[in-house]
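> Can you keep this structure in mind? I'll have questions shortly.
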Amino acid sequence: MINKFISIGFACGVLKSPPSELPNTTWAVSFTHVVVVTFQCLSVTLGKSVEHCPVSSCGSDDQWSTMYNISCTSEDCYTKSDEYKGKVHCTVSGITCQFWNKNTPHRSYYRPTVPEDLASNYCRDPSSDGRPWCYTTNPDFRWEFCPVPRCP
């Protein structure tokens, strides 16, 4: 068991060189089914969200994904999860969200009611689970919560 932890711990340089820190953020390393670094805003400003994924995941090649970025506006957190309007489009483990109007790789039983949301892959909470989530583009993981924080 110790050897397994050590090999996971050093994957992607978790203990040596995680992805570079983004401005106005803090980050944390977590272990789900992959090793991920999740970025969170230190403060938010008024404004519209832009498409982003605040998660860098450790790939099978032991390299950090480089497609992460973060938006720190008032739309990038939620008070009521079913009213979240931000543009996070990945899950807590860095998997890209499936478009809500598609049924592959997963059949969508829950869908947003707003037409613009239906044609997007942004995290939403159409089932009122209490946190924004999405169906994933990974056939092995049907859905997952998204890295969207509660508003302060």
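Ordered as shown in the structure tokens, chains take letters A, B, and onward, while each chain numbers its residues from 1 and ligands are numbered from 1 in the order shown.
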Would you list the contacts of Gly130 (chain A) as a ChimeraX atom specification, taking every protein, DNA or RNA residue within 9 Å and counting only C-alpha atoms, but skipping same-chain residues closer than 5 positions in sequence?
/A:80-82,125
> Just want the 10 Å neighbourhood of Phe39 (chain A), counted on only C-alpha atoms, with same-chain residues fewer than 2 positions away dropped. Output as a ChimeraX atom specification.
/A:21-22,24-29,36-37,41-42,53-56,68-70,147
> Which residues, written as a PyMOL selection string, have at least one atom at most 12 Å from Glu116 (chain A), with only C-alpha atoms counted and residues fewer than 6 positions away on the same chain left out?
chain A and resi 85+87+99-101+122+124
> If you measure from CA of Ser71 (chain A) to CA of Val34 (chain A), what distance in Å do you get, rounded to one decimal?
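Separation between CA of Ser71 (chain A) and CA of Val34 (chain A): 23.2 Å.
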> Using CA of Lys48 (chain A) and CA of Asp117 (chain A) as the two end points, give the distance in Å to one decimal.
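Separation between CA of Lys48 (chain A) and CA of Asp117 (chain A): 15.0 Å.
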> Of the residues A:Thr38, A:Asp61, A:Arg111, A:Pro105, which is the one nearest to Cys146 (chain A), using only C-alpha atoms?
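Comparing A:Thr38, A:Asp61, A:Arg111, A:Pro105 against Cys146 (chain A), the winner is A:Thr38.
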> Quick one: of A:Thr32, A:Ser65, A:Thr136, A:Thr96, who's nearest to Glu51 (chain A), counting only C-alpha atoms?
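Of the candidates, the smallest distance to Glu51 (chain A) is held by A:Thr96.
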> Which neighbours of Cys151 (chain A) fall inside 9 Å, counting only C-alpha atoms, when residues of the same chain fewer than 2 positions from it are skipped, and could you give them as a tab-separated table (two decimals) with C-alpha atoms, in the first residue's frame?

```
chain	number	residue	atom	x	y	z
A	74	SER	CA	-19.55	37.05	-9.81
A	76	ASP	CA	-18.36	31.89	-11.28
A	77	CYS	CA	-19.83	30.81	-7.96
A	78	TYR	CA	-23.33	29.81	-6.86
A	79	THR	CA	-25.73	30.59	-4.05
A	149	PRO	CA	-17.52	27.03	-5.41
```
> Which residues in chain A does DSSP call strand (DSSP E)? List them as a ChimeraX atom specification.
/A:25-31,35-41,55-57,133-135,143-145
> Can you write out the residues you just picked, keeping N, CA and C atoms, as a compact mmCIF listing (two decimals), in the first residue's frame?

```txt
# COMPACT_ATOMS: atom_id res chain seq x y z
N THR A 25 -5.51 33.29 -7.45
CA THR A 25 -6.04 31.96 -7.14
C THR A 25 -5.25 31.29 -6.03
N THR A 26 -5.85 30.25 -5.51
CA THR A 26 -5.17 29.31 -4.64
C THR A 26 -5.44 27.94 -5.25
N TRP A 27 -4.63 26.95 -4.93
CA TRP A 27 -4.87 25.64 -5.52
C TRP A 27 -4.69 24.55 -4.48
N ALA A 28 -5.28 23.41 -4.79
CA ALA A 28 -5.18 22.25 -3.91
C ALA A 28 -5.06 21.00 -4.76
N VAL A 29 -4.25 20.07 -4.30
CA VAL A 29 -4.09 18.79 -4.96
C VAL A 29 -5.07 17.81 -4.33
N SER A 30 -5.78 17.04 -5.15
CA SER A 30 -6.68 16.02 -4.60
C SER A 30 -6.55 14.74 -5.42
N PHE A 31 -6.94 13.66 -4.79
CA PHE A 31 -6.85 12.35 -5.41
C PHE A 31 -8.25 11.80 -5.58
N VAL A 35 -5.15 12.13 -10.27
CA VAL A 35 -4.58 13.19 -9.44
C VAL A 35 -4.91 14.51 -10.13
N VAL A 36 -5.48 15.46 -9.38
CA VAL A 36 -5.86 16.74 -9.98
C VAL A 36 -5.40 17.91 -9.10
N VAL A 37 -5.19 19.05 -9.75
CA VAL A 37 -4.97 20.31 -9.07
C VAL A 37 -6.18 21.17 -9.41
N THR A 38 -6.90 21.64 -8.39
CA THR A 38 -8.07 22.49 -8.60
C THR A 38 -7.74 23.90 -8.14
N PHE A 39 -8.00 24.86 -9.01
CA PHE A 39 -7.76 26.27 -8.70
C PHE A 39 -9.05 26.91 -8.21
N GLN A 40 -8.94 27.81 -7.23
CA GLN A 40 -10.09 28.57 -6.75
C GLN A 40 -9.71 30.04 -6.67
N CYS A 41 -10.69 30.89 -6.95
CA CYS A 41 -10.47 32.34 -6.92
C CYS A 41 -10.30 32.81 -5.48
N VAL A 55 -9.25 23.10 -13.53
CA VAL A 55 -8.68 21.84 -13.08
C VAL A 55 -7.60 21.39 -14.05
N SER A 56 -6.44 21.02 -13.51
CA SER A 56 -5.40 20.38 -14.31
C SER A 56 -5.30 18.96 -13.81
N SER A 57 -5.39 17.99 -14.70
CA SER A 57 -5.36 16.59 -14.27
C SER A 57 -4.08 15.92 -14.73
N TRP A 133 -23.21 20.16 -11.85
CA TRP A 133 -22.64 18.91 -12.33
C TRP A 133 -22.85 18.82 -13.84
N CYS A 134 -22.33 17.76 -14.44
CA CYS A 134 -22.58 17.50 -15.86
C CYS A 134 -22.36 16.04 -16.18
N TYR A 135 -22.93 15.61 -17.32
CA TYR A 135 -22.59 14.31 -17.88
C TYR A 135 -21.20 14.48 -18.48
N TRP A 143 -21.48 10.83 -14.94
CA TRP A 143 -21.60 12.23 -14.55
C TRP A 143 -20.66 12.48 -13.39
N GLU A 144 -20.41 13.75 -13.12
CA GLU A 144 -19.57 14.13 -12.00
C GLU A 144 -19.89 15.57 -11.62
N PHE A 145 -19.67 15.89 -10.34
CA PHE A 145 -19.82 17.28 -9.91
C PHE A 145 -18.74 18.13 -10.56
```
> Pick from A:Thr73, A:Cys58, A:Arg142, A:Ser128: nearest to Pro112 (chain A), with only C-alpha atoms counted?
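Looking at the shortest contact to Pro112 (chain A), the residue is A:Ser128.
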> Any chance you could list, as a list in words, the residues in region 23-109 of chain A that come up helix (DSSP H, G or I) when DSSP is run on the backbone?
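Those in region 23-109 of chain A that DSSP calls helix (DSSP H, G or I) are Ser74, Glu75, Asp76, Ser81, Asp82 and Glu83 of chain A.
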> Could you please determine the separation between CA of Asp129 (chain A) and CA of Thr45 (chain A) in Å, to one decimal place?
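Distance between the two atoms: 26.7 Å.
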> May I have the residues within 8 Å of Ile95 (chain A) as a list in words, using only C-alpha atoms and disregarding those fewer than 2 positions away in the same chain?
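The filter keeps Cys90, Thr91, Val92, Ser93, Cys97, Thr136, Thr137 and Asn138 of chain A.
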> Give me, as a PyMOL selection string, all polymer residues having an atom no more than 6 Å from Gly86 (chain A), counting only C-alpha atoms and skipping those fewer than 2 positions away in the same chain.
chain A and resi 49+75-76+84
> Grab the residues selected above and save them as a PDB file, in the first residue's frame with N, CA and C atoms.

```
ATOM      1  N   SER A  49     -19.043  35.438 -16.688  1.00  0.00           N
ATOM      2  CA  SER A  49     -18.126  34.314 -16.728  1.00  0.00           C
ATOM      3  C   SER A  49     -17.627  34.089 -18.153  1.00  0.00           C
ATOM      4  N   GLU A  75     -20.297  35.560 -11.615  1.00  0.00           N
ATOM      5  CA  GLU A  75     -21.054  34.428 -12.158  1.00  0.00           C
ATOM      6  C   GLU A  75     -20.355  33.085 -11.942  1.00  0.00           C
ATOM      7  N   ASP A  76     -19.145  33.112 -11.402  1.00  0.00           N
ATOM      8  CA  ASP A  76     -18.356  31.892 -11.285  1.00  0.00           C
ATOM      9  C   ASP A  76     -18.487  31.174  -9.951  1.00  0.00           C
ATOM     10  N   TYR A  84     -27.025  28.590 -11.054  1.00  0.00           N
ATOM     11  CA  TYR A  84     -25.654  28.857 -11.503  1.00  0.00           C
ATOM     12  C   TYR A  84     -25.630  29.105 -13.012  1.00  0.00           C
TER      13      TYR A  84
END
```
